[in-house]
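Dumped data-v1.cif below, it's mmCIF, C-alpha atoms:
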```
data_run
loop_
_atom_site.group_PDB
_atom_site.id
_atom_site.type_symbol
_atom_site.label_atom_id
_atom_site.label_comp_id
_atom_site.auth_asym_id
_atom_site.auth_seq_id
_atom_site.Cartn_x
_atom_site.Cartn_y
_atom_site.Cartn_z
ATOM 1 C CA MET O 1 -13.137 -3.600 -18.720
ATOM 2 C CA ALA O 2 -13.854 0.030 -19.515
ATOM 3 C CA LEU O 3 -12.741 2.763 -17.125
ATOM 4 C CA SER O 4 -15.504 4.805 -15.540
ATOM 5 C CA GLY O 5 -15.610 8.583 -15.764
ATOM 6 C CA GLU O 6 -14.324 8.838 -12.202
ATOM 7 C CA GLN O 7 -11.466 6.461 -12.984
ATOM 8 C CA LEU O 8 -10.535 8.413 -16.100
ATOM 9 C CA GLN O 9 -10.169 11.466 -13.875
ATOM 10 C CA ARG O 10 -8.448 9.710 -10.955
ATOM 11 C CA TYR O 11 -5.801 8.062 -13.129
ATOM 12 C CA SER O 12 -5.507 10.792 -15.742
ATOM 13 C CA ARG O 13 -1.771 11.276 -15.119
ATOM 14 C CA HIS O 14 -1.235 7.571 -15.798
ATOM 15 C CA LEU O 15 -3.319 7.597 -18.942
ATOM 16 C CA THR O 16 -1.174 10.235 -20.648
ATOM 17 C CA ILE O 17 2.058 8.238 -20.247
ATOM 18 C CA PRO O 18 3.048 6.673 -23.590
ATOM 19 C CA GLY O 19 2.771 2.912 -23.384
ATOM 20 C CA VAL O 20 0.543 2.963 -20.286
ATOM 21 C CA GLY O 21 -2.820 4.505 -21.164
ATOM 22 C CA GLU O 22 -6.115 2.802 -20.396
ATOM 23 C CA ALA O 23 -4.745 -0.661 -21.156
ATOM 24 C CA GLY O 24 -2.025 -0.227 -18.565
ATOM 25 C CA GLN O 25 -4.424 1.126 -15.991
ATOM 26 C CA GLU O 26 -6.681 -1.848 -16.528
ATOM 27 C CA LYS O 27 -3.699 -4.118 -15.813
ATOM 28 C CA LEU O 28 -3.160 -2.293 -12.537
ATOM 29 C CA LEU O 29 -6.811 -2.603 -11.570
ATOM 30 C CA ARG O 30 -6.729 -6.350 -12.234
ATOM 31 C CA ALA O 31 -3.412 -6.952 -10.472
ATOM 32 C CA ARG O 32 -3.088 -8.868 -7.212
ATOM 33 C CA VAL O 33 -0.213 -7.928 -4.906
ATOM 34 C CA PHE O 34 0.598 -9.426 -1.505
ATOM 35 C CA ILE O 35 2.466 -7.280 1.043
ATOM 36 C CA VAL O 36 4.349 -8.943 3.891
ATOM 37 C CA GLY O 37 4.335 -6.458 6.762
ATOM 38 C CA ALA O 38 2.295 -3.311 7.427
ATOM 39 C CA GLY O 39 5.109 -1.347 9.042
ATOM 40 C CA GLY O 40 7.768 1.079 7.865
ATOM 41 C CA LEU O 41 8.222 -0.366 4.378
ATOM 42 C CA GLY O 42 4.724 -1.770 4.020
ATOM 43 C CA SER O 43 3.196 1.676 4.605
ATOM 44 C CA PRO O 44 4.592 3.496 1.533
ATOM 45 C CA VAL O 45 4.349 0.348 -0.594
ATOM 46 C CA ALA O 46 0.676 -0.047 0.246
ATOM 47 C CA TYR O 47 -0.111 3.655 -0.135
ATOM 48 C CA TYR O 48 1.471 4.018 -3.570
ATOM 49 C CA LEU O 49 0.056 0.757 -4.912
ATOM 50 C CA ALA O 50 -3.419 1.719 -3.723
ATOM 51 C CA ALA O 51 -3.051 5.222 -5.151
ATOM 52 C CA ALA O 52 -1.979 3.688 -8.481
ATOM 53 C CA GLY O 53 -5.161 1.617 -8.550
ATOM 54 C CA VAL O 54 -3.731 -1.848 -7.890
ATOM 55 C CA GLY O 55 -7.081 -3.522 -7.451
ATOM 56 C CA ASN O 56 -6.361 -6.344 -5.002
ATOM 57 C CA ILE O 57 -3.898 -5.948 -2.141
ATOM 58 C CA GLY O 58 -3.305 -8.576 0.517
ATOM 59 C CA ILE O 59 -1.516 -7.469 3.711
ATOM 60 C CA ILE O 60 -0.296 -9.748 6.476
ATOM 61 C CA ASP O 61 0.935 -8.540 9.867
ATOM 62 C CA ASN O 62 0.391 -9.892 13.357
ATOM 63 C CA ASP O 63 1.098 -6.689 15.306
ATOM 64 C CA CYS O 64 -0.992 -3.794 16.607
ATOM 65 C CA VAL O 65 -0.195 -0.121 16.076
ATOM 66 C CA GLU O 66 2.036 1.428 18.747
ATOM 67 C CA LEU O 67 2.805 5.101 19.270
ATOM 68 C CA SER O 68 6.494 4.481 18.509
ATOM 69 C CA ASN O 69 5.508 3.179 15.054
ATOM 70 C CA LEU O 70 4.166 6.531 13.875
ATOM 71 C CA GLN O 71 7.620 8.049 13.328
ATOM 72 C CA ARG O 72 7.836 5.979 10.128
ATOM 73 C CA GLN O 73 4.712 3.864 9.581
ATOM 74 C CA ILE O 74 2.685 6.472 7.741
ATOM 75 C CA VAL O 75 -0.318 4.303 6.889
ATOM 76 C CA HIS O 76 -1.296 4.415 10.574
ATOM 77 C CA SER O 77 -2.326 7.333 12.804
ATOM 78 C CA THR O 78 -2.672 8.328 16.442
ATOM 79 C CA LYS O 79 -6.344 7.339 16.263
ATOM 80 C CA THR O 80 -5.458 3.752 15.338
ATOM 81 C CA VAL O 81 -2.934 3.138 18.135
ATOM 82 C CA GLY O 82 -3.827 -0.190 19.731
ATOM 83 C CA LYS O 83 -5.640 -1.494 16.655
ATOM 84 C CA PRO O 84 -4.317 -4.334 14.465
ATOM 85 C CA LYS O 85 -2.031 -2.894 11.809
ATOM 86 C CA VAL O 86 -3.730 -4.723 8.957
ATOM 87 C CA TYR O 87 -7.131 -3.199 9.775
ATOM 88 C CA SER O 88 -5.622 0.243 10.308
ATOM 89 C CA ALA O 89 -3.978 -0.042 6.892
ATOM 90 C CA GLN O 90 -7.138 -1.363 5.260
ATOM 91 C CA ALA O 91 -9.171 1.599 6.494
ATOM 92 C CA ALA O 92 -6.587 4.119 5.256
ATOM 93 C CA LEU O 93 -6.153 2.548 1.826
ATOM 94 C CA GLU O 94 -9.819 1.987 1.082
ATOM 95 C CA ALA O 95 -10.639 5.527 2.267
ATOM 96 C CA MET O 96 -8.101 6.876 -0.228
ATOM 97 C CA ASN O 97 -9.225 4.743 -3.179
ATOM 98 C CA SER O 98 -12.499 2.861 -3.322
ATOM 99 C CA ASP O 99 -11.256 0.946 -6.393
ATOM 100 C CA VAL O 100 -8.944 -1.046 -4.142
ATOM 101 C CA LYS O 101 -9.978 -4.178 -2.275
ATOM 102 C CA VAL O 102 -7.723 -4.895 0.703
ATOM 103 C CA ASN O 103 -7.501 -8.363 2.204
ATOM 104 C CA PRO O 104 -6.201 -7.940 5.796
ATOM 105 C CA ILE O 105 -4.610 -10.995 7.433
ATOM 106 C CA GLN O 106 -3.845 -10.617 11.128
ATOM 107 C CA GLN O 107 -1.667 -13.685 11.500
ATOM 108 C CA ARG O 108 1.946 -14.654 11.833
ATOM 109 C CA LEU O 109 3.379 -15.802 8.521
ATOM 110 C CA ALA O 110 4.693 -19.347 8.841
ATOM 111 C CA ARG O 111 5.897 -22.233 6.735
ATOM 112 C CA ASP O 112 2.563 -24.028 7.103
ATOM 113 C CA ASN O 113 0.379 -21.110 5.897
ATOM 114 C CA ILE O 114 2.417 -19.004 3.466
ATOM 115 C CA VAL O 115 1.630 -21.103 0.396
ATOM 116 C CA ASP O 116 -2.118 -20.745 0.938
ATOM 117 C CA PHE O 117 -1.773 -16.993 1.543
ATOM 118 C CA ILE O 118 0.296 -16.089 -1.522
ATOM 119 C CA ARG O 119 -0.939 -18.694 -4.002
ATOM 120 C CA ASP O 120 -3.499 -16.429 -5.714
ATOM 121 C CA TYR O 121 -1.337 -13.281 -5.917
ATOM 122 C CA ASP O 122 0.744 -12.169 -8.907
ATOM 123 C CA ILE O 123 3.558 -10.353 -7.085
ATOM 124 C CA ILE O 124 4.833 -10.580 -3.518
ATOM 125 C CA THR O 125 6.410 -7.612 -1.751
ATOM 126 C CA ASP O 126 8.567 -8.406 1.267
ATOM 127 C CA CYS O 127 8.458 -5.551 3.766
ATOM 128 C CA SER O 128 9.361 -7.651 6.796
ATOM 129 C CA ASP O 129 11.911 -6.750 9.456
ATOM 130 C CA ASN O 130 13.641 -10.066 10.171
ATOM 131 C CA PHE O 131 15.737 -12.650 8.372
ATOM 132 C CA SER O 132 13.492 -15.606 9.198
ATOM 133 C CA THR O 133 10.598 -14.063 7.293
ATOM 134 C CA ARG O 134 12.788 -12.979 4.380
ATOM 135 C CA PHE O 135 14.124 -16.498 3.893
ATOM 136 C CA LEU O 136 10.634 -17.976 4.237
ATOM 137 C CA VAL O 137 9.132 -15.561 1.701
ATOM 138 C CA ASN O 138 12.028 -16.063 -0.722
ATOM 139 C CA ASP O 139 11.827 -19.845 -0.580
ATOM 140 C CA ALA O 140 8.050 -19.863 -1.038
ATOM 141 C CA CYS O 141 8.277 -17.503 -4.022
ATOM 142 C CA VAL O 142 10.970 -19.589 -5.712
ATOM 143 C CA ILE O 143 9.054 -22.826 -5.150
ATOM 144 C CA LEU O 144 5.770 -21.282 -6.402
ATOM 145 C CA ASN O 145 7.458 -19.241 -9.169
ATOM 146 C CA LYS O 146 6.183 -15.922 -7.764
ATOM 147 C CA LYS O 147 7.774 -12.565 -8.556
ATOM 148 C CA LEU O 148 9.210 -10.976 -5.405
ATOM 149 C CA VAL O 149 10.282 -7.434 -4.563
ATOM 150 C CA SER O 150 12.319 -7.379 -1.350
ATOM 151 C CA GLY O 151 13.415 -4.370 0.702
ATOM 152 C CA ALA O 152 15.339 -3.796 3.927
ATOM 153 C CA ILE O 153 16.188 -0.721 6.004
ATOM 154 C CA LEU O 154 18.376 0.294 8.950
ATOM 155 C CA GLY O 155 19.505 3.667 10.261
ATOM 156 C CA PHE O 156 20.129 5.944 7.271
ATOM 157 C CA GLU O 157 20.469 3.029 4.835
ATOM 158 C CA GLY O 158 18.290 0.739 2.776
ATOM 159 C CA GLN O 159 18.479 -1.876 0.061
ATOM 160 C CA LEU O 160 16.207 -3.300 -2.581
ATOM 161 C CA THR O 161 16.170 -6.178 -5.054
ATOM 162 C CA THR O 162 13.693 -7.866 -7.379
ATOM 163 C CA ILE O 163 13.629 -11.641 -7.669
ATOM 164 C CA LEU O 164 12.248 -13.374 -10.751
ATOM 165 C CA PRO O 165 12.519 -17.139 -10.162
ATOM 166 C CA GLY O 166 14.251 -18.894 -13.024
ATOM 167 C CA GLU O 167 15.478 -15.605 -14.502
ATOM 168 C CA GLY O 168 17.964 -14.381 -11.908
ATOM 169 C CA HIS O 169 19.211 -14.577 -8.359
ATOM 170 C CA CYS O 170 17.144 -15.213 -5.245
ATOM 171 C CA TYR O 171 17.621 -13.942 -1.689
ATOM 172 C CA ARG O 172 19.678 -17.010 -0.753
ATOM 173 C CA CYS O 173 22.068 -16.220 -3.589
ATOM 174 C CA LEU O 174 22.823 -13.083 -1.571
ATOM 175 C CA PHE O 175 22.645 -14.585 1.920
ATOM 176 C CA GLU O 176 22.571 -18.363 2.202
ATOM 177 C CA ASP O 177 21.929 -18.262 5.946
ATOM 178 C CA ALA O 178 20.929 -15.693 8.558
ATOM 179 C CA PRO O 179 23.729 -13.945 10.505
ATOM 180 C CA PRO O 180 24.521 -15.044 14.074
ATOM 181 C CA ALA O 181 21.854 -14.343 16.703
ATOM 182 C CA GLY O 182 23.644 -11.364 18.251
ATOM 183 C CA ILE O 183 24.052 -9.552 14.942
ATOM 184 C CA ARG O 184 20.542 -10.528 13.891
ATOM 185 C CA ASP O 185 19.031 -9.092 17.079
ATOM 186 C CA SER O 186 20.996 -5.842 16.806
ATOM 187 C CA LEU O 187 19.829 -5.361 13.205
ATOM 188 C CA GLN O 188 16.199 -5.951 14.153
ATOM 189 C CA THR O 189 16.221 -3.539 17.102
ATOM 190 C CA GLY O 190 18.494 -0.880 15.615
ATOM 191 C CA GLY O 191 17.440 2.720 15.062
ATOM 192 C CA LEU O 192 15.887 4.026 11.873
ATOM 193 C CA ILE O 193 15.325 7.425 10.293
ATOM 194 C CA GLY O 194 11.649 7.540 9.306
ATOM 195 C CA ALA O 195 12.224 8.929 5.819
ATOM 196 C CA VAL O 196 14.413 5.977 4.768
ATOM 197 C CA PRO O 197 11.555 3.462 4.504
ATOM 198 C CA GLY O 198 9.749 6.131 2.500
ATOM 199 C CA VAL O 199 12.559 6.047 -0.062
ATOM 200 C CA ILE O 200 12.929 2.263 -0.225
ATOM 201 C CA GLY O 201 9.190 1.554 0.034
ATOM 202 C CA SER O 202 8.441 3.961 -2.813
ATOM 203 C CA LEU O 203 11.025 2.203 -4.963
ATOM 204 C CA GLN O 204 9.518 -1.166 -4.057
ATOM 205 C CA ALA O 205 6.125 0.093 -5.194
ATOM 206 C CA LEU O 206 7.676 1.343 -8.432
ATOM 207 C CA GLU O 207 9.268 -2.063 -9.092
ATOM 208 C CA VAL O 208 5.870 -3.708 -8.563
ATOM 209 C CA ILE O 209 4.160 -1.273 -10.920
ATOM 210 C CA LYS O 210 6.810 -1.881 -13.616
ATOM 211 C CA LEU O 211 6.303 -5.619 -13.269
ATOM 212 C CA ILE O 212 2.534 -5.238 -13.651
ATOM 213 C CA LEU O 213 2.853 -2.992 -16.680
ATOM 214 C CA GLY O 214 5.744 -4.922 -18.225
ATOM 215 C CA LYS O 215 7.706 -1.678 -18.584
ATOM 216 C CA GLY O 216 11.315 -0.748 -17.978
ATOM 217 C CA ARG O 217 14.095 -2.685 -16.270
ATOM 218 C CA VAL O 218 13.598 -4.074 -12.805
ATOM 219 C CA LEU O 219 16.383 -4.979 -10.377
ATOM 220 C CA ARG O 220 16.847 -8.527 -11.654
ATOM 221 C CA GLU O 221 20.317 -9.757 -10.672
ATOM 222 C CA ARG O 222 20.903 -6.370 -9.049
ATOM 223 C CA LEU O 223 20.967 -5.138 -5.447
ATOM 224 C CA LEU O 224 20.292 -1.419 -5.038
ATOM 225 C CA ILE O 225 21.908 0.105 -1.943
ATOM 226 C CA PHE O 226 20.872 3.531 -0.635
ATOM 227 C CA ASP O 227 23.070 5.635 1.646
ATOM 228 C CA GLY O 228 20.872 8.371 3.048
ATOM 229 C CA LEU O 229 23.703 10.295 4.725
ATOM 230 C CA SER O 230 25.460 10.883 1.413
ATOM 231 C CA THR O 231 22.301 10.619 -0.709
ATOM 232 C CA LYS O 232 23.940 8.035 -2.953
ATOM 233 C CA PHE O 233 22.688 4.912 -4.673
ATOM 234 C CA ARG O 234 24.855 1.957 -5.709
ATOM 235 C CA ARG O 235 23.845 -1.011 -7.843
ATOM 236 C CA ILE O 236 25.668 -4.284 -7.276
ATOM 237 C CA LYS O 237 25.456 -7.182 -9.705
ATOM 238 C CA VAL O 238 24.167 -10.371 -8.060
ATOM 239 C CA PRO O 239 24.526 -13.406 -10.334
ATOM 240 C CA MET O 240 22.613 -16.602 -9.807
ATOM 241 C CA ASN O 241 24.473 -19.013 -7.563
ATOM 242 C CA PRO O 242 24.475 -22.499 -9.148
ATOM 243 C CA GLU O 243 24.972 -23.940 -5.651
ATOM 244 C CA CYS O 244 22.093 -21.976 -4.113
ATOM 245 C CA PRO O 245 20.085 -24.292 -1.838
ATOM 246 C CA VAL O 246 16.743 -23.157 -3.263
ATOM 247 C CA CYS O 247 17.276 -21.956 -6.862
ATOM 248 C CA GLY O 248 20.530 -23.717 -7.765
ATOM 249 C CA THR O 249 21.032 -26.597 -10.154
ATOM 250 C CA GLN O 250 20.543 -29.149 -7.364
ATOM 251 C CA PRO O 251 18.290 -27.441 -4.818
ATOM 252 C CA ARG O 252 18.140 -28.837 -1.303
ATOM 253 C CA ILE O 253 15.107 -26.767 -0.333
ATOM 254 C CA VAL O 254 12.127 -28.170 -2.192
ATOM 255 C CA SER O 255 9.599 -28.150 0.661
ATOM 256 C CA LEU O 256 9.009 -25.407 3.219
ATOM 257 C CA LEU O 257 7.727 -27.880 5.792
ATOM 258 C CA ASN O 258 11.177 -29.452 6.131
ATOM 259 C CA GLN O 259 12.884 -26.136 6.904
ATOM 260 C CA ASP O 260 13.499 -24.400 10.229
ATOM 261 C CA TYR O 261 12.665 -20.704 9.870
ATOM 262 C CA GLY O 262 12.918 -19.876 13.572
ATOM 263 C CA THR O 263 10.301 -18.194 15.710
ATOM 264 C CA ASP O 264 10.452 -14.585 14.518
ATOM 265 C CA ALA O 265 8.752 -15.008 11.134
ATOM 266 C CA SER O 266 5.743 -12.704 11.027
#
```

Can you present the structure in this file as C-alpha cells?
Amino acid sequence: MALSGEQLQRYSRHLTIPGVGEAGQEKLLRARVFIVGAGGLGSPVAYYLAAAGVGNIGIIDNDCVELSNLQRQIVHSTKTVGKPKVYSAQAALEAMNSDVKVNPIQQRLARDNIVDFIRDYDIITDCSDNFSTRFLVNDACVILNKKLVSGAILGFEGQLTTILPGEGHCYRCLFEDAPPAGIRDSLQTGGLIGAVPGVIGSLQALEVIKLILGKGRVLRERLLIFDGLSTKFRRIKVPMNPECPVCGTQPRIVSLLNQDYGTDAS
C-alpha cells in the first residue's frame, strides 16, 4: 500500500525516524489491536494508537460514561455523559483520524465470548480494572498465543508488563490467584490521580507500537512499576514459572470454559 499525500503529511514525524519510515507506517495502518476497557487506561491507549495510525482498533466495555469518569477518562467528554463508553470513544477516535476503523463492542467480556472477540487481532491491550478480567484476558492470550500488554493503576502508582506467550512470563506467573475479596474490592474502588493512567496508558501504547514495528525492547519478563509521588520507575525481573497453571510445563488451564472467573469480568 502506498501512503496518500494526506498520510505523508499526517505521519511525517514517524516517517523521518530511522528504521520506521513508510514501511513502518504501513505496518501500523495494517495492524489490529484490541483494547479491553474504555476507561482511565483505555483512553490514552486508544488515543495514542489512533493518532499513530493503527488502522483497526477493537474496544470492549459494558459501561456508560459518568461525570465522575471525566477526571481521568480523557477520551470522553461532558457531552457524552450517559452514552456507552465504546461509542463515545469511537466518535472521538474517528474524528481525530479518519484512517482508523474502530470496532465498538458494548458487552461484558466473558469466558464464552472472549475467544471470538480477540481471535482476529494481533495484539491485546488489557486496560481493565479488576482481577477477574485480567486473569481471563491473560489465559485467553496464552491459549491463543496472542501478544498482551497489561497495565494497572491505583492512587499515585501504576504498573505495566508485556506478555509474549512462549517467550516469557504471563500474568499468572506474577499472581496465580486473585487476592481475597476484601482486598480486591478495596483495590477496585480506591482513589486515583487522573494523570497516572495517562502515564501508564501512554507507555502501554508505546509497547504496542514497538511490537507492531518490531523495534526496541519490550517489557518481556519485566514488570515496570511507577511511583508518581517520587516520580520513580523500577523494573523487576519476572521469570517464567514452570509451575504456572496456564503457561507452565504442565498447564492445568487449557480451556477457559472450565474456569471460574467470577462475576466482575467486563

- Message: What does the structure give for the distance between atom CA of O:Ala51 and atom CA of O:Phe131, in Å to one decimal?
- Response: 29.2 Å

- Residue contacts of O:Leu219 (12 Å, all atoms listed in the file) excluding same-chain residues fewer than 4 positions away, as a VMD selection string: chain O and resid 147 to 151 159 to 164 167 to 170 203 to 204 206 to 208 210 to 211 223 to 225 234 to 239

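For the point (25.6, 9.5, 2.5), the residues with at least one atom inside 12 Å, counting all atoms listed in the file, are Gly155, Phe156, Glu157, Gly158, Val196, Ile225, Phe226, Asp227, Gly228, Leu229, Ser230, Thr231, Lys232, Phe233 and Arg234 of chain O.
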
- Straight-line distance linking atom CA of O:Val246 with atom CA of O:Pro197, stated in Å to one decimal: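 The value is 28.2 Å.
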
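Closest to O:Gln71 among O:Leu213, O:Ile253, O:Ile35, O:Ile193 is O:Ile193, based on only C-alpha atoms.
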
- Item | Selection result of the PyMOL selection byres ((chain O and resi 37-47) around 7) on this file, as a ChimeraX atom specification | /O:35-36,48-51,59-61,72-75,85-86,93,127-128,197-198,201-202,204-205

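Taking atom CA of O:Leu67 and atom CA of O:Lys83 as the two end points, the separation is 11.0 Å.
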
- Taking the file as shown, find all residues satisfying the PyMOL selection byres ((chain O and resi 254) around 12) and write them as number ranges by chain. O: 139-144, 244-248, 250-253, 255-259

Only N, CA and C atoms, please: stretch 67-87 of chain O from the block, as a PDB file, in the first residue's frame.
```
ATOM      1  N   LEU O  67     -20.191  11.284  34.931  1.00  0.00           N
ATOM      2  CA  LEU O  67     -19.474  12.537  35.166  1.00  0.00           C
ATOM      3  C   LEU O  67     -18.196  12.297  35.963  1.00  0.00           C
ATOM      4  N   SER O  68     -18.226  11.360  36.901  1.00  0.00           N
ATOM      5  CA  SER O  68     -17.049  11.075  37.727  1.00  0.00           C
ATOM      6  C   SER O  68     -15.912  10.448  36.929  1.00  0.00           C
ATOM      7  N   ASN O  69     -16.212   9.945  35.728  1.00  0.00           N
ATOM      8  CA  ASN O  69     -15.166   9.354  34.882  1.00  0.00           C
ATOM      9  C   ASN O  69     -14.237  10.416  34.294  1.00  0.00           C
ATOM     10  N   LEU O  70     -14.742  11.628  34.115  1.00  0.00           N
ATOM     11  CA  LEU O  70     -14.045  12.613  33.288  1.00  0.00           C
ATOM     12  C   LEU O  70     -12.781  13.162  33.937  1.00  0.00           C
ATOM     13  N   GLN O  71     -12.569  12.878  35.208  1.00  0.00           N
ATOM     14  CA  GLN O  71     -11.345  13.294  35.891  1.00  0.00           C
ATOM     15  C   GLN O  71     -10.131  12.577  35.328  1.00  0.00           C
ATOM     16  N   ARG O  72     -10.361  11.444  34.622  1.00  0.00           N
ATOM     17  CA  ARG O  72      -9.225  10.649  34.137  1.00  0.00           C
ATOM     18  C   ARG O  72      -9.467  10.022  32.774  1.00  0.00           C
ATOM     19  N   GLN O  73     -10.716   9.837  32.380  1.00  0.00           N
ATOM     20  CA  GLN O  73     -11.034   9.118  31.150  1.00  0.00           C
ATOM     21  C   GLN O  73     -11.173  10.114  30.005  1.00  0.00           C
ATOM     22  N   ILE O  74     -10.029  10.500  29.450  1.00  0.00           N
ATOM     23  CA  ILE O  74      -9.952  11.671  28.579  1.00  0.00           C
ATOM     24  C   ILE O  74     -10.527  11.452  27.183  1.00  0.00           C
ATOM     25  N   VAL O  75     -10.872  10.229  26.826  1.00  0.00           N
ATOM     26  CA  VAL O  75     -11.466  10.007  25.514  1.00  0.00           C
ATOM     27  C   VAL O  75     -12.936  10.406  25.507  1.00  0.00           C
ATOM     28  N   HIS O  76     -13.513  10.629  26.693  1.00  0.00           N
ATOM     29  CA  HIS O  76     -14.909  11.011  26.816  1.00  0.00           C
ATOM     30  C   HIS O  76     -15.025  12.498  27.144  1.00  0.00           C
ATOM     31  N   SER O  77     -16.244  13.032  27.113  1.00  0.00           N
ATOM     32  CA  SER O  77     -16.462  14.446  27.394  1.00  0.00           C
ATOM     33  C   SER O  77     -17.799  14.636  28.094  1.00  0.00           C
ATOM     34  N   THR O  78     -18.019  15.848  28.571  1.00  0.00           N
ATOM     35  CA  THR O  78     -19.290  16.168  29.235  1.00  0.00           C
ATOM     36  C   THR O  78     -20.470  15.883  28.313  1.00  0.00           C
ATOM     37  N   LYS O  79     -20.294  16.114  27.023  1.00  0.00           N
ATOM     38  CA  LYS O  79     -21.385  15.900  26.067  1.00  0.00           C
ATOM     39  C   LYS O  79     -21.753  14.432  25.909  1.00  0.00           C
ATOM     40  N   THR O  80     -20.831  13.526  26.260  1.00  0.00           N
ATOM     41  CA  THR O  80     -21.132  12.099  26.077  1.00  0.00           C
ATOM     42  C   THR O  80     -21.526  11.402  27.376  1.00  0.00           C
ATOM     43  N   VAL O  81     -21.706  12.149  28.455  1.00  0.00           N
ATOM     44  CA  VAL O  81     -22.177  11.552  29.708  1.00  0.00           C
ATOM     45  C   VAL O  81     -23.517  10.854  29.452  1.00  0.00           C
ATOM     46  N   GLY O  82     -23.619   9.629  29.913  1.00  0.00           N
ATOM     47  CA  GLY O  82     -24.826   8.830  29.707  1.00  0.00           C
ATOM     48  C   GLY O  82     -24.772   7.929  28.496  1.00  0.00           C
ATOM     49  N   LYS O  83     -23.813   8.159  27.605  1.00  0.00           N
ATOM     50  CA  LYS O  83     -23.690   7.341  26.399  1.00  0.00           C
ATOM     51  C   LYS O  83     -22.752   6.154  26.663  1.00  0.00           C
ATOM     52  N   PRO O  84     -22.927   5.053  25.936  1.00  0.00           N
ATOM     53  CA  PRO O  84     -21.990   3.932  26.086  1.00  0.00           C
ATOM     54  C   PRO O  84     -20.555   4.381  25.819  1.00  0.00           C
ATOM     55  N   LYS O  85     -19.643   3.935  26.663  1.00  0.00           N
ATOM     56  CA  LYS O  85     -18.252   4.362  26.527  1.00  0.00           C
ATOM     57  C   LYS O  85     -17.651   3.990  25.177  1.00  0.00           C
ATOM     58  N   VAL O  86     -17.998   2.815  24.664  1.00  0.00           N
ATOM     59  CA  VAL O  86     -17.375   2.387  23.413  1.00  0.00           C
ATOM     60  C   VAL O  86     -17.780   3.283  22.246  1.00  0.00           C
ATOM     61  N   TYR O  87     -19.007   3.797  22.259  1.00  0.00           N
ATOM     62  CA  TYR O  87     -19.448   4.673  21.169  1.00  0.00           C
ATOM     63  C   TYR O  87     -18.920   6.091  21.359  1.00  0.00           C
TER      64      TYR O  87
END
```
